[in-house]
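Shown below: structure11.cif, with mmCIF, C-alpha atoms.
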```
data_coords
loop_
_atom_site.group_PDB
_atom_site.id
_atom_site.type_symbol
_atom_site.label_atom_id
_atom_site.label_comp_id
_atom_site.auth_asym_id
_atom_site.auth_seq_id
_atom_site.Cartn_x
_atom_site.Cartn_y
_atom_site.Cartn_z
ATOM 1 C CA MET A 196 117.639 135.703 94.805
ATOM 2 C CA LYS A 197 121.080 136.540 95.980
ATOM 3 C CA GLY A 198 122.687 135.136 92.804
ATOM 4 C CA ASP A 199 120.688 137.616 90.702
ATOM 5 C CA ASP A 200 121.593 140.473 93.060
ATOM 6 C CA GLU A 201 125.248 139.680 92.635
ATOM 7 C CA GLU A 202 124.865 139.666 88.887
ATOM 8 C CA LYS A 203 123.261 143.087 89.053
ATOM 9 C CA ARG A 204 126.340 144.415 90.779
ATOM 10 C CA GLY A 205 128.221 143.477 87.635
ATOM 11 C CA GLU A 206 130.418 140.860 89.210
ATOM 12 C CA GLU A 207 131.400 137.783 87.214
ATOM 13 C CA VAL A 208 129.737 135.289 89.508
ATOM 14 C CA MET A 209 127.666 132.247 88.854
ATOM 15 C CA THR A 210 123.912 132.783 88.668
ATOM 16 C CA CYS A 211 121.247 130.452 90.106
ATOM 17 C CA ALA A 212 120.294 129.389 86.578
ATOM 18 C CA GLU A 213 123.895 128.484 85.760
ATOM 19 C CA PHE A 214 124.262 126.664 89.052
ATOM 20 C CA GLN A 215 121.086 124.657 88.554
ATOM 21 C CA LYS A 216 122.145 123.698 85.060
ATOM 22 C CA VAL A 217 125.071 121.733 86.509
ATOM 23 C CA LEU A 218 123.257 120.692 89.685
ATOM 24 C CA PRO A 219 122.881 116.980 88.747
ATOM 25 C CA TYR A 220 126.678 116.725 88.549
ATOM 26 C CA ILE A 221 127.215 118.717 91.749
ATOM 27 C CA ILE A 222 124.859 116.432 93.678
ATOM 28 C CA GLU A 223 126.743 113.408 92.359
ATOM 29 C CA SER A 224 130.316 114.441 92.868
ATOM 30 C CA GLY A 225 130.499 117.914 94.398
ATOM 31 C CA GLY A 226 131.174 121.197 92.641
ATOM 32 C CA ASN A 227 134.204 123.232 91.662
ATOM 33 C CA ASP A 228 135.284 126.364 93.538
ATOM 34 C CA GLU A 229 132.915 128.649 91.656
ATOM 35 C CA GLU A 230 129.949 126.358 92.206
ATOM 36 C CA GLU A 231 130.791 125.879 95.895
ATOM 37 C CA ALA A 232 131.088 129.667 96.274
ATOM 38 C CA HIS A 233 127.627 130.139 94.797
ATOM 39 C CA LEU A 234 126.251 127.423 97.045
ATOM 40 C CA ALA A 235 127.743 129.074 100.119
ATOM 41 C CA SER A 236 126.283 132.473 99.233
ATOM 42 C CA CYS A 237 122.827 131.577 97.854
ATOM 43 C CA PRO A 238 120.176 130.395 100.345
ATOM 44 C CA VAL A 239 117.775 129.274 97.590
ATOM 45 C CA CYS A 240 120.285 126.992 95.893
ATOM 46 C CA SER A 241 121.646 125.880 99.247
ATOM 47 C CA ASP A 242 118.145 124.832 100.389
ATOM 48 C CA LEU A 243 117.615 123.084 97.074
ATOM 49 C CA VAL A 244 120.805 121.054 97.379
ATOM 50 C CA THR A 245 120.030 120.259 101.031
ATOM 51 C CA ASP A 246 116.575 118.993 100.059
ATOM 52 C CA LEU A 247 117.781 116.879 97.131
ATOM 53 C CA ARG A 248 120.481 115.268 99.236
ATOM 54 C CA TYR A 249 117.967 114.691 102.032
ATOM 55 C CA ILE A 250 115.532 112.976 99.649
ATOM 56 C CA ALA A 251 118.300 110.708 98.368
ATOM 57 C CA GLU A 252 119.357 109.846 101.937
ATOM 58 C CA GLN A 253 115.794 109.091 103.019
ATOM 59 C CA ALA A 254 115.219 106.897 99.955
ATOM 60 C CA LYS A 255 118.200 104.748 100.938
ATOM 61 C CA LEU A 256 116.524 104.095 104.284
ATOM 62 C CA LEU A 257 113.307 102.796 102.739
ATOM 63 C CA LEU A 258 112.951 99.145 103.619
ATOM 64 C CA PRO A 259 111.057 96.497 101.692
ATOM 65 C CA MET A 260 108.070 96.683 104.023
ATOM 66 C CA ARG A 261 105.361 95.249 101.801
ATOM 67 C CA GLU A 262 104.783 91.549 101.408
ATOM 68 C CA PRO A 263 103.124 89.788 98.470
ATOM 69 C CA SER A 264 99.809 88.040 99.156
ATOM 70 C CA PRO A 265 99.864 84.263 99.789
ATOM 71 C CA GLU A 266 98.318 83.789 96.325
ATOM 72 C CA VAL A 267 101.661 84.687 94.739
ATOM 73 C CA TRP A 268 103.340 81.647 96.268
ATOM 74 C CA GLU A 269 100.322 79.451 95.428
ATOM 75 C CA ASN A 270 100.510 80.595 91.803
ATOM 76 C CA ILE A 271 104.238 79.872 91.691
ATOM 77 C CA GLN A 272 103.592 76.344 92.978
ATOM 78 C CA ASP A 273 100.796 75.821 90.459
ATOM 79 C CA SER A 274 103.004 76.993 87.588
ATOM 80 C CA LEU A 275 105.890 74.750 88.644
ATOM 81 C CA GLN A 276 103.519 71.787 88.898
ATOM 82 C CA ARG A 277 101.953 72.520 85.503
ATOM 83 C CA GLU A 278 105.422 72.600 83.975
ATOM 84 C CA GLY A 279 106.211 69.275 85.677
ATOM 85 C CA LEU A 280 109.082 70.773 87.664
ATOM 86 C CA VAL A 281 107.656 69.631 91.015
ATOM 87 C CA LYS A 282 104.888 67.197 91.928
ATOM 88 C CA PRO A 283 101.662 68.361 93.633
ATOM 89 C CA SER A 284 102.082 68.983 97.342
ATOM 90 C CA ARG A 285 99.956 67.280 99.975
ATOM 91 C CA ALA A 286 99.439 70.481 101.918
ATOM 92 C CA ARG A 287 98.729 73.829 100.311
ATOM 93 C CA GLY A 288 101.569 76.312 100.657
ATOM 94 C CA ARG A 289 104.281 73.697 100.947
ATOM 95 C CA LEU A 290 106.379 72.223 98.218
ATOM 96 C CA LEU A 291 107.721 68.710 98.665
ATOM 97 C CA GLY A 292 111.460 68.654 99.136
ATOM 98 C CA GLY A 293 113.887 66.535 97.190
ATOM 99 C CA ILE A 294 112.029 66.410 93.887
ATOM 100 C CA GLY A 295 114.346 66.863 90.949
ATOM 101 C CA LYS A 296 113.859 69.567 88.370
ATOM 102 C CA GLY A 297 112.861 66.947 85.830
ATOM 103 C CA GLY A 298 110.020 65.673 88.023
ATOM 104 C CA PHE A 299 110.403 62.126 89.401
ATOM 105 C CA SER A 300 113.985 60.947 89.459
ATOM 106 C CA LEU A 301 114.962 57.467 88.267
ATOM 107 C CA ALA A 302 115.847 56.555 91.851
ATOM 108 C CA THR A 303 112.350 57.491 93.024
ATOM 109 C CA ILE A 304 110.731 55.362 90.275
ATOM 110 C CA ALA A 305 113.036 52.438 90.979
ATOM 111 C CA LEU A 306 112.262 52.600 94.703
ATOM 112 C CA GLY A 307 108.514 52.661 93.993
ATOM 113 C CA ALA A 308 108.790 49.658 91.655
ATOM 114 C CA LEU A 309 110.806 47.733 94.240
ATOM 115 C CA MET A 310 108.196 48.416 96.921
ATOM 116 C CA LEU A 311 105.431 47.159 94.617
ATOM 117 C CA VAL A 312 107.373 43.966 93.902
ATOM 118 C CA VAL A 313 107.988 43.371 97.624
ATOM 119 C CA LEU A 314 104.297 44.001 98.364
ATOM 120 C CA GLY A 315 103.251 41.619 95.564
ATOM 121 C CA VAL A 316 105.578 38.872 96.830
ATOM 122 C CA ALA A 317 104.294 39.342 100.369
ATOM 123 C CA LEU A 318 100.683 39.002 99.194
ATOM 124 C CA VAL A 319 101.473 35.811 97.185
ATOM 125 C CA ILE A 320 103.202 34.220 100.180
ATOM 126 C CA MET B 85 129.794 85.466 98.436
ATOM 127 C CA THR B 86 128.284 87.369 101.349
ATOM 128 C CA THR B 87 125.396 84.963 101.950
ATOM 129 C CA ALA B 88 127.431 82.112 103.444
ATOM 130 C CA LYS B 89 126.363 82.524 107.076
ATOM 131 C CA LYS B 90 122.826 83.829 106.622
ATOM 132 C CA LEU B 91 120.457 81.200 108.026
ATOM 133 C CA VAL B 92 117.217 80.646 106.113
ATOM 134 C CA ALA B 93 116.033 77.867 108.432
ATOM 135 C CA PRO B 94 117.461 76.246 111.574
ATOM 136 C CA GLY B 95 120.807 74.788 110.572
ATOM 137 C CA ILE B 96 120.515 75.752 106.896
ATOM 138 C CA SER B 97 122.498 78.683 105.550
ATOM 139 C CA GLU B 98 121.423 80.593 102.477
ATOM 140 C CA ALA B 99 124.425 79.210 100.600
ATOM 141 C CA GLU B 100 123.311 75.645 101.413
ATOM 142 C CA ALA B 101 119.729 76.423 100.402
ATOM 143 C CA ILE B 102 121.022 77.807 97.086
ATOM 144 C CA ASP B 103 123.100 74.679 96.441
ATOM 145 C CA ARG B 104 120.148 72.428 97.264
ATOM 146 C CA ALA B 105 117.766 74.483 95.135
ATOM 147 C CA LYS B 106 120.249 74.230 92.250
ATOM 148 C CA ALA B 107 120.022 70.445 92.624
ATOM 149 C CA GLY B 108 116.231 70.718 92.355
ATOM 150 C CA ASP B 109 115.267 70.711 96.036
ATOM 151 C CA ALA B 110 111.869 72.396 96.094
ATOM 152 C CA LEU B 111 111.860 72.990 99.845
ATOM 153 C CA SER B 112 115.082 74.985 99.596
ATOM 154 C CA PHE B 113 113.523 77.034 96.814
ATOM 155 C CA GLU B 114 110.610 77.766 99.136
ATOM 156 C CA LEU B 115 113.072 78.910 101.806
ATOM 157 C CA LEU B 116 114.736 81.245 99.309
ATOM 158 C CA TYR B 117 111.314 82.598 98.337
ATOM 159 C CA GLY B 118 110.577 83.317 101.997
ATOM 160 C CA LEU B 119 113.869 85.118 102.406
ATOM 161 C CA HIS B 120 113.656 87.325 99.305
ATOM 162 C CA LYS B 121 109.937 87.784 98.578
ATOM 163 C CA ARG B 122 109.632 91.119 100.390
ATOM 164 C CA ARG B 123 112.509 92.783 98.629
ATOM 165 C CA VAL B 124 111.550 91.470 95.195
ATOM 166 C CA TYR B 125 107.905 92.422 95.695
ATOM 167 C CA SER B 126 108.804 95.870 97.023
ATOM 168 C CA LEU B 127 111.051 96.426 94.012
ATOM 169 C CA CYS B 128 108.260 95.406 91.608
ATOM 170 C CA LEU B 129 105.698 97.517 93.464
ATOM 171 C CA ARG B 130 107.873 100.603 93.557
ATOM 172 C CA MET B 131 108.792 100.280 89.895
ATOM 173 C CA THR B 132 105.229 99.718 88.654
ATOM 174 C CA GLY B 133 103.193 101.547 91.321
ATOM 175 C CA ASN B 134 100.526 98.841 90.928
ATOM 176 C CA THR B 135 99.805 96.013 93.387
ATOM 177 C CA ALA B 136 98.372 93.495 90.899
ATOM 178 C CA GLU B 137 101.192 94.048 88.408
ATOM 179 C CA ALA B 138 103.761 93.814 91.196
ATOM 180 C CA GLU B 139 102.365 90.451 92.316
ATOM 181 C CA ASP B 140 102.366 89.082 88.762
ATOM 182 C CA LEU B 141 105.949 90.254 88.269
ATOM 183 C CA THR B 142 107.073 88.822 91.610
ATOM 184 C CA GLN B 143 105.611 85.499 90.519
ATOM 185 C CA GLU B 144 107.368 85.696 87.154
ATOM 186 C CA ALA B 145 110.686 86.653 88.782
ATOM 187 C CA PHE B 146 110.628 83.633 91.096
ATOM 188 C CA LEU B 147 109.574 81.292 88.296
ATOM 189 C CA GLN B 148 112.551 82.527 86.302
ATOM 190 C CA LEU B 149 114.700 82.060 89.389
ATOM 191 C CA TYR B 150 113.612 78.424 89.655
ATOM 192 C CA ARG B 151 114.419 77.831 85.992
ATOM 193 C CA LYS B 152 117.738 79.677 86.056
ATOM 194 C CA ILE B 153 119.142 79.066 89.529
ATOM 195 C CA ALA B 154 121.469 76.345 88.203
ATOM 196 C CA THR B 155 123.261 79.071 86.229
ATOM 197 C CA PHE B 156 124.055 81.087 89.393
ATOM 198 C CA ARG B 157 127.831 80.866 89.770
ATOM 199 C CA GLY B 158 128.279 82.962 92.908
ATOM 200 C CA GLU B 159 130.247 85.686 91.127
ATOM 201 C CA SER B 160 128.035 88.232 92.891
ATOM 202 C CA ALA B 161 125.877 87.959 96.007
ATOM 203 C CA PHE B 162 122.773 85.860 95.407
ATOM 204 C CA SER B 163 120.506 88.779 96.373
ATOM 205 C CA THR B 164 122.272 91.008 93.822
ATOM 206 C CA TRP B 165 121.831 88.368 91.127
ATOM 207 C CA LEU B 166 118.165 87.798 92.015
ATOM 208 C CA HIS B 167 117.315 91.493 92.118
ATOM 209 C CA ARG B 168 118.969 92.077 88.769
ATOM 210 C CA LEU B 169 116.846 89.242 87.412
ATOM 211 C CA ALA B 170 113.737 90.860 88.951
ATOM 212 C CA VAL B 171 114.621 94.286 87.511
ATOM 213 C CA ASN B 172 114.942 92.711 84.060
ATOM 214 C CA VAL B 173 111.547 91.042 84.459
ATOM 215 C CA VAL B 174 109.948 94.400 85.318
ATOM 216 C CA LEU B 175 111.709 96.278 82.514
ATOM 217 C CA MET B 176 110.706 93.611 79.989
ATOM 218 C CA HIS B 177 107.112 93.926 81.174
ATOM 219 C CA LEU B 178 107.167 97.712 80.877
ATOM 220 C CA ARG B 179 108.632 97.503 77.377
ATOM 221 C CA LYS B 180 105.851 95.118 76.329
ATOM 222 C CA LYS B 181 103.314 97.537 77.783
ATOM 223 C CA GLY B 182 104.912 100.311 75.782
ATOM 224 C CA LEU B 183 105.322 102.561 78.780
ATOM 225 C CA PRO B 184 107.896 105.283 78.349
ATOM 226 C CA GLU B 185 110.867 104.438 80.542
ATOM 227 C CA VAL B 186 113.388 107.094 79.686
ATOM 228 C CA SER B 187 113.169 109.436 76.752
ATOM 229 C CA LEU B 188 116.374 109.026 74.780
ATOM 230 C CA GLU B 189 116.098 112.615 73.637
ATOM 231 C CA GLU B 190 116.336 113.912 77.200
ATOM 232 C CA THR B 191 119.304 116.119 77.902
ATOM 233 C CA LEU B 192 120.654 117.742 81.000
ATOM 234 C CA GLU B 193 119.247 121.100 79.945
ATOM 235 C CA PRO B 194 117.035 122.327 82.790
ATOM 236 C CA GLN B 195 113.390 122.586 81.879
ATOM 237 C CA GLN B 196 110.777 125.126 82.863
ATOM 238 C CA ASP B 197 109.487 123.106 85.804
ATOM 239 C CA ASP B 198 112.822 121.824 87.004
ATOM 240 C CA GLY B 199 114.041 124.843 88.908
ATOM 241 C CA PRO B 200 113.124 125.671 92.458
ATOM 242 C CA LYS B 201 109.785 127.397 92.856
ATOM 243 C CA LYS B 202 110.187 131.143 93.271
ATOM 244 C CA ASP B 203 108.015 131.170 96.389
ATOM 245 C CA ILE B 204 110.182 128.759 98.320
ATOM 246 C CA GLY B 205 113.058 130.927 99.282
ATOM 247 C CA ALA B 206 112.631 130.987 103.023
ATOM 248 C CA ARG B 207 115.216 129.052 105.009
ATOM 249 C CA ASP B 208 112.646 127.267 107.161
ATOM 250 C CA ASN B 209 111.263 125.560 104.089
ATOM 251 C CA VAL B 210 113.863 122.827 103.859
ATOM 252 C CA LEU B 211 112.442 119.329 104.000
ATOM 253 C CA ALA B 212 114.892 117.922 106.534
ATOM 254 C CA GLY B 213 113.051 116.363 109.450
ATOM 255 C CA SER B 214 109.639 116.672 107.852
ATOM 256 C CA ILE B 215 109.501 113.554 105.658
ATOM 257 C CA ASP B 216 108.187 110.303 106.982
ATOM 258 C CA ARG B 217 108.379 106.967 105.189
ATOM 259 C CA VAL B 218 104.691 106.924 104.243
ATOM 260 C CA ASN B 219 104.850 110.391 102.654
ATOM 261 C CA LEU B 220 107.956 109.501 100.698
ATOM 262 C CA GLU B 221 106.494 106.184 99.477
ATOM 263 C CA ARG B 222 103.327 108.013 98.364
ATOM 264 C CA ALA B 223 105.319 110.684 96.561
ATOM 265 C CA ILE B 224 107.413 108.043 94.775
ATOM 266 C CA GLU B 225 104.217 106.273 93.686
ATOM 267 C CA SER B 226 102.943 109.445 92.081
ATOM 268 C CA LEU B 227 106.101 110.096 90.046
ATOM 269 C CA PRO B 228 105.799 109.663 86.268
ATOM 270 C CA PRO B 229 106.915 106.105 85.317
ATOM 271 C CA GLY B 230 110.214 107.116 83.690
ATOM 272 C CA TYR B 231 111.316 109.182 86.689
ATOM 273 C CA ARG B 232 110.073 106.587 89.166
ATOM 274 C CA ILE B 233 112.023 103.699 87.633
ATOM 275 C CA ILE B 234 115.346 105.540 87.644
ATOM 276 C CA PHE B 235 114.770 106.867 91.166
ATOM 277 C CA VAL B 236 113.934 103.397 92.500
ATOM 278 C CA LEU B 237 116.889 101.785 90.772
ATOM 279 C CA HIS B 238 119.428 104.428 91.842
ATOM 280 C CA ASP B 239 118.324 105.875 95.157
ATOM 281 C CA ILE B 240 116.531 102.883 96.673
ATOM 282 C CA GLU B 241 118.108 99.826 95.072
ATOM 283 C CA GLY B 242 121.581 101.346 94.864
ATOM 284 C CA TYR B 243 122.383 100.742 91.188
ATOM 285 C CA GLU B 244 125.046 102.965 89.613
ATOM 286 C CA HIS B 245 124.242 105.134 86.601
ATOM 287 C CA ASN B 246 126.341 102.944 84.280
ATOM 288 C CA GLU B 247 124.364 99.861 85.380
ATOM 289 C CA ILE B 248 121.049 101.673 84.913
ATOM 290 C CA ALA B 249 122.124 102.939 81.494
ATOM 291 C CA GLU B 250 122.978 99.387 80.458
ATOM 292 C CA MET B 251 119.694 97.962 81.760
ATOM 293 C CA MET B 252 117.560 100.726 80.289
ATOM 294 C CA GLY B 253 119.436 101.104 77.036
ATOM 295 C CA CYS B 254 120.073 104.813 77.571
ATOM 296 C CA SER B 255 123.107 107.005 78.152
ATOM 297 C CA ILE B 256 124.651 107.604 81.567
ATOM 298 C CA GLY B 257 123.915 111.329 81.205
ATOM 299 C CA ASN B 258 120.305 110.498 80.493
ATOM 300 C CA SER B 259 120.079 108.390 83.642
ATOM 301 C CA LYS B 260 121.575 111.252 85.694
ATOM 302 C CA SER B 261 119.202 113.736 84.137
ATOM 303 C CA GLN B 262 116.132 111.611 84.863
ATOM 304 C CA LEU B 263 117.245 111.001 88.431
ATOM 305 C CA HIS B 264 117.706 114.714 89.016
ATOM 306 C CA LYS B 265 114.271 115.473 87.610
ATOM 307 C CA ALA B 266 112.763 112.701 89.731
ATOM 308 C CA ARG B 267 114.279 114.200 92.891
ATOM 309 C CA MET B 268 113.103 117.687 91.908
ATOM 310 C CA LYS B 269 109.600 116.385 91.308
ATOM 311 C CA LEU B 270 109.655 114.543 94.634
ATOM 312 C CA ARG B 271 110.722 117.736 96.370
ATOM 313 C CA ASP B 272 107.720 119.552 94.924
ATOM 314 C CA LEU B 273 105.367 116.719 95.838
ATOM 315 C CA LEU B 274 106.668 116.530 99.394
ATOM 316 C CA LYS B 275 106.492 120.302 99.892
ATOM 317 C CA THR B 276 102.941 120.361 98.561
ATOM 318 C CA SER B 277 101.984 117.490 100.833
ATOM 319 C CA ARG B 278 103.521 119.279 103.822
ATOM 320 C CA ALA B 279 101.732 122.525 102.985
ATOM 321 C CA GLU B 280 98.387 120.725 102.664
ATOM 322 C CA LYS B 281 98.932 119.010 105.991
ATOM 323 C CA ALA B 282 99.721 122.378 107.619
ATOM 324 C CA LEU B 283 96.514 123.882 106.180
ATOM 325 C CA ARG B 284 94.407 121.082 107.654
ATOM 326 C CA ARG B 285 95.732 121.781 111.179
#
```
Could you show the structure in this file as structure tokens?
Amino acid sequence: MKGDDEEKRGEEVMTCAEFQKVLPYIIESGGNDEEEAHLASCPVCSDLVTDLRYIAEQAKLLLPMREPSPEVWENIQDSLQREGLVKPSRARGRLLGGIGKGGFSLATIALGALMLVVLGVALVI
Amino acid sequence: MTTAKKLVAPGISEAEAIDRAKAGDALSFELLYGLHKRRVYSLCLRMTGNTAEAEDLTQEAFLQLYRKIATFRGESAFSTWLHRLAVNVVLMHLRKKGLPEVSLEETLEPQQDDGPKKDIGARDNVLAGSIDRVNLERAIESLPPGYRIIFVLHDIEGYEHNEIAEMMGCSIGNSKSQLHKARMKLRDLLKTSRAEKALRR
């Protein structure tokens, strides 16, 4: 490694080991002059930094490609129904809209009662 | 809020769907599920590396969303709020399982296996241009759980170290250290995978 060669020449330069000790910080926010000088002169550390930055860049491009199975939504519906948060749907995979979080709303019950009364009156007449 | 103009159904914006779901409209909740299920599931899958667990956690995250959506005040984007909720669901699950997330004793001292391999000094060995999405996803899956979680949260989901430290109950330095080790491990895994592929040719 070039860093080791430089050390052998007795110069006060950063070694690969020293550079890699502070590498997490360099990747995050760049290095100081000494660290940048080592990076510019050492192919091993330069390749390492290039690779780590490349991995981070590629990770950012990963999209949420996978989709949960339909059972996940069915289980969510079942749980919400068991807890009384929504009423059972007529068709699988579809929740009924407009149902309040507390189940049937007072307005819904009142409307149902009114319809029964109207139906009863109509039958009597 | 950045979600105002995103349509979740013809004529219904995400912001409207959120307001309706807050009022208990189940259909709007279903629309929100359709819009966010992929990202929440992918987050759970990447953090756990297990399909069945990821599906259970996706289910739990959306159930919590239904129960808590009335508390969403729009101080952050809805997707940010939902994904934070999902991350907490996964972390809670991992804590219950007793899986090591991040060792609190970790320091930034480099370890024996953290440095570059001595046999990879040649300039043509850089990874640039040789990683495809499938290889990277596979390599992430095979990371140790503690490394994988930090890598997913920081490099894929875009959380800052201070946010990760808060969520994980560790120091910022510890989060940085784990991320660095995760990237180093990924580098090794990807180089090995590339070398094996070259041998098969």
For Asn134 (chain B), the nearest of the candidates B:Val174, B:Pro94, B:Thr276, B:Leu237, counting only C-alpha atoms: B:Val174
Could you list, as an NGL selection string, every residue of chain B that has an atom within 6 Å of an atom of chain A, counting all atoms listed in the file? :B and (108-111 or 122-123 or 126 or 143 or 194 or 205 or 210-211 or 239-240 or 264)
Can you work out the spacing between CA of His120 (chain B) and CA of Phe146 (chain B) in Å, to one decimal?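 According to the coordinates, CA of His120 (chain B) and CA of Phe146 (chain B) are separated by 9.5 Å.
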Please enumerate the residues selected by the PyMOL selection byres ((chain B and resi 161) around 12) when evaluated against the supplied file, formatted as an NGL selection string. :B and (85-88 or 90 or 98-99 or 102 or 156-160 or 162-168)
Distance of CA of Tyr117 (chain B) from CA of Ala145 (chain B), expressed in Å to one decimal place: 10.4 Å
Could you tell me which residues the PyMOL selection byres ((chain A and resi 233) around 9) grabs in this file, written as a list in words?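 Those residues are Gly198, Val208, Met209, Thr210, Cys211, Phe214, Asp228, Glu229, Glu230, Glu231, Ala232, Leu234, Ala235, Ser236, Cys237, Cys240 and Ser241 of chain A.
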Residue selection dump (C-alpha atoms) as an mmCIF file, in the frame of the given file:
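And here is the file that came out, out.cif:
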```
data_model
loop_
_atom_site.group_PDB
_atom_site.id
_atom_site.type_symbol
_atom_site.label_atom_id
_atom_site.label_comp_id
_atom_site.auth_asym_id
_atom_site.auth_seq_id
_atom_site.Cartn_x
_atom_site.Cartn_y
_atom_site.Cartn_z
ATOM 1 C CA GLY A 198 122.687 135.136 92.804
ATOM 2 C CA VAL A 208 129.737 135.289 89.508
ATOM 3 C CA MET A 209 127.666 132.247 88.854
ATOM 4 C CA THR A 210 123.912 132.783 88.668
ATOM 5 C CA CYS A 211 121.247 130.452 90.106
ATOM 6 C CA PHE A 214 124.262 126.664 89.052
ATOM 7 C CA ASP A 228 135.284 126.364 93.538
ATOM 8 C CA GLU A 229 132.915 128.649 91.656
ATOM 9 C CA GLU A 230 129.949 126.358 92.206
ATOM 10 C CA GLU A 231 130.791 125.879 95.895
ATOM 11 C CA ALA A 232 131.088 129.667 96.274
ATOM 12 C CA LEU A 234 126.251 127.423 97.045
ATOM 13 C CA ALA A 235 127.743 129.074 100.119
ATOM 14 C CA SER A 236 126.283 132.473 99.233
ATOM 15 C CA CYS A 237 122.827 131.577 97.854
ATOM 16 C CA CYS A 240 120.285 126.992 95.893
ATOM 17 C CA SER A 241 121.646 125.880 99.247
#
```
Evaluate the PyMOL selection byres ((chain B and resi 257-260) around 12) and report residues as JSON, numbers by chain: {"A": [217, 218, 219, 220, 221, 222, 223, 224], "B": [185, 186, 187, 188, 189, 190, 191, 192, 193, 230, 231, 232, 233, 234, 235, 236, 237, 238, 239, 243, 244, 245, 246, 247, 248, 249, 250, 251, 252, 253, 254, 255, 256, 261, 262, 263, 264, 265, 266, 267]}
Can I get the selected residues back with C-alpha atoms, as a short mmCIF file (atom, residue, chain, number, x, y, z; two decimals), in the coordinates of the input?
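So the final result, stored in again34.cif, reads:
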```cif
data_model
loop_
_atom_site.label_atom_id
_atom_site.label_comp_id
_atom_site.auth_asym_id
_atom_site.auth_seq_id
_atom_site.Cartn_x
_atom_site.Cartn_y
_atom_site.Cartn_z
CA VAL A 217 125.07 121.73 86.51
CA LEU A 218 123.26 120.69 89.68
CA PRO A 219 122.88 116.98 88.75
CA TYR A 220 126.68 116.72 88.55
CA ILE A 221 127.22 118.72 91.75
CA ILE A 222 124.86 116.43 93.68
CA GLU A 223 126.74 113.41 92.36
CA SER A 224 130.32 114.44 92.87
CA GLU B 185 110.87 104.44 80.54
CA VAL B 186 113.39 107.09 79.69
CA SER B 187 113.17 109.44 76.75
CA LEU B 188 116.37 109.03 74.78
CA GLU B 189 116.10 112.62 73.64
CA GLU B 190 116.34 113.91 77.20
CA THR B 191 119.30 116.12 77.90
CA LEU B 192 120.65 117.74 81.00
CA GLU B 193 119.25 121.10 79.94
CA GLY B 230 110.21 107.12 83.69
CA TYR B 231 111.32 109.18 86.69
CA ARG B 232 110.07 106.59 89.17
CA ILE B 233 112.02 103.70 87.63
CA ILE B 234 115.35 105.54 87.64
CA PHE B 235 114.77 106.87 91.17
CA VAL B 236 113.93 103.40 92.50
CA LEU B 237 116.89 101.78 90.77
CA HIS B 238 119.43 104.43 91.84
CA ASP B 239 118.32 105.88 95.16
CA TYR B 243 122.38 100.74 91.19
CA GLU B 244 125.05 102.96 89.61
CA HIS B 245 124.24 105.13 86.60
CA ASN B 246 126.34 102.94 84.28
CA GLU B 247 124.36 99.86 85.38
CA ILE B 248 121.05 101.67 84.91
CA ALA B 249 122.12 102.94 81.49
CA GLU B 250 122.98 99.39 80.46
CA MET B 251 119.69 97.96 81.76
CA MET B 252 117.56 100.73 80.29
CA GLY B 253 119.44 101.10 77.04
CA CYS B 254 120.07 104.81 77.57
CA SER B 255 123.11 107.00 78.15
CA ILE B 256 124.65 107.60 81.57
CA SER B 261 119.20 113.74 84.14
CA GLN B 262 116.13 111.61 84.86
CA LEU B 263 117.24 111.00 88.43
CA HIS B 264 117.71 114.71 89.02
CA LYS B 265 114.27 115.47 87.61
CA ALA B 266 112.76 112.70 89.73
CA ARG B 267 114.28 114.20 92.89
#
```
Coordinates-based distance that separates CA of Asp140 (chain B) from CA of Thr155 (chain B) (Å, one decimal):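 Answer for the CA of Thr155 (chain B) to CA of Asp140 (chain B) separation: 23.3 Å.
Restricting the calculation to only C-alpha atoms, the smallest distance between Lys121 (chain B) and any of B:Leu283, B:Ala101, B:Leu149, B:Leu175 is found for B:Leu149.
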Any chance you could turn region 136-143 of chain B into a file with N, CA and C atoms, as a short mmCIF file (atom, residue, chain, number, x, y, z; two decimals), in the first residue's frame?
```cif
data_model
loop_
_atom_site.label_atom_id
_atom_site.label_comp_id
_atom_site.auth_asym_id
_atom_site.auth_seq_id
_atom_site.Cartn_x
_atom_site.Cartn_y
_atom_site.Cartn_z
N ALA B 136 -42.90 -13.21 6.05
CA ALA B 136 -44.05 -13.38 6.94
C ALA B 136 -44.07 -12.30 8.02
N GLU B 137 -42.90 -12.05 8.60
CA GLU B 137 -42.81 -11.00 9.63
C GLU B 137 -43.17 -9.64 9.04
N ALA B 138 -42.68 -9.39 7.83
CA ALA B 138 -42.93 -8.10 7.19
C ALA B 138 -44.42 -7.91 6.94
N GLU B 139 -45.12 -8.97 6.58
CA GLU B 139 -46.57 -8.85 6.34
C GLU B 139 -47.30 -8.60 7.65
N ASP B 140 -46.90 -9.31 8.70
CA ASP B 140 -47.54 -9.10 10.02
C ASP B 140 -47.33 -7.65 10.48
N LEU B 141 -46.11 -7.16 10.27
CA LEU B 141 -45.78 -5.81 10.74
C LEU B 141 -46.46 -4.73 9.89
N THR B 142 -46.62 -5.01 8.61
CA THR B 142 -47.36 -4.09 7.74
C THR B 142 -48.80 -3.99 8.23
N GLN B 143 -49.37 -5.15 8.54
CA GLN B 143 -50.74 -5.18 9.06
C GLN B 143 -50.84 -4.38 10.36
#
```
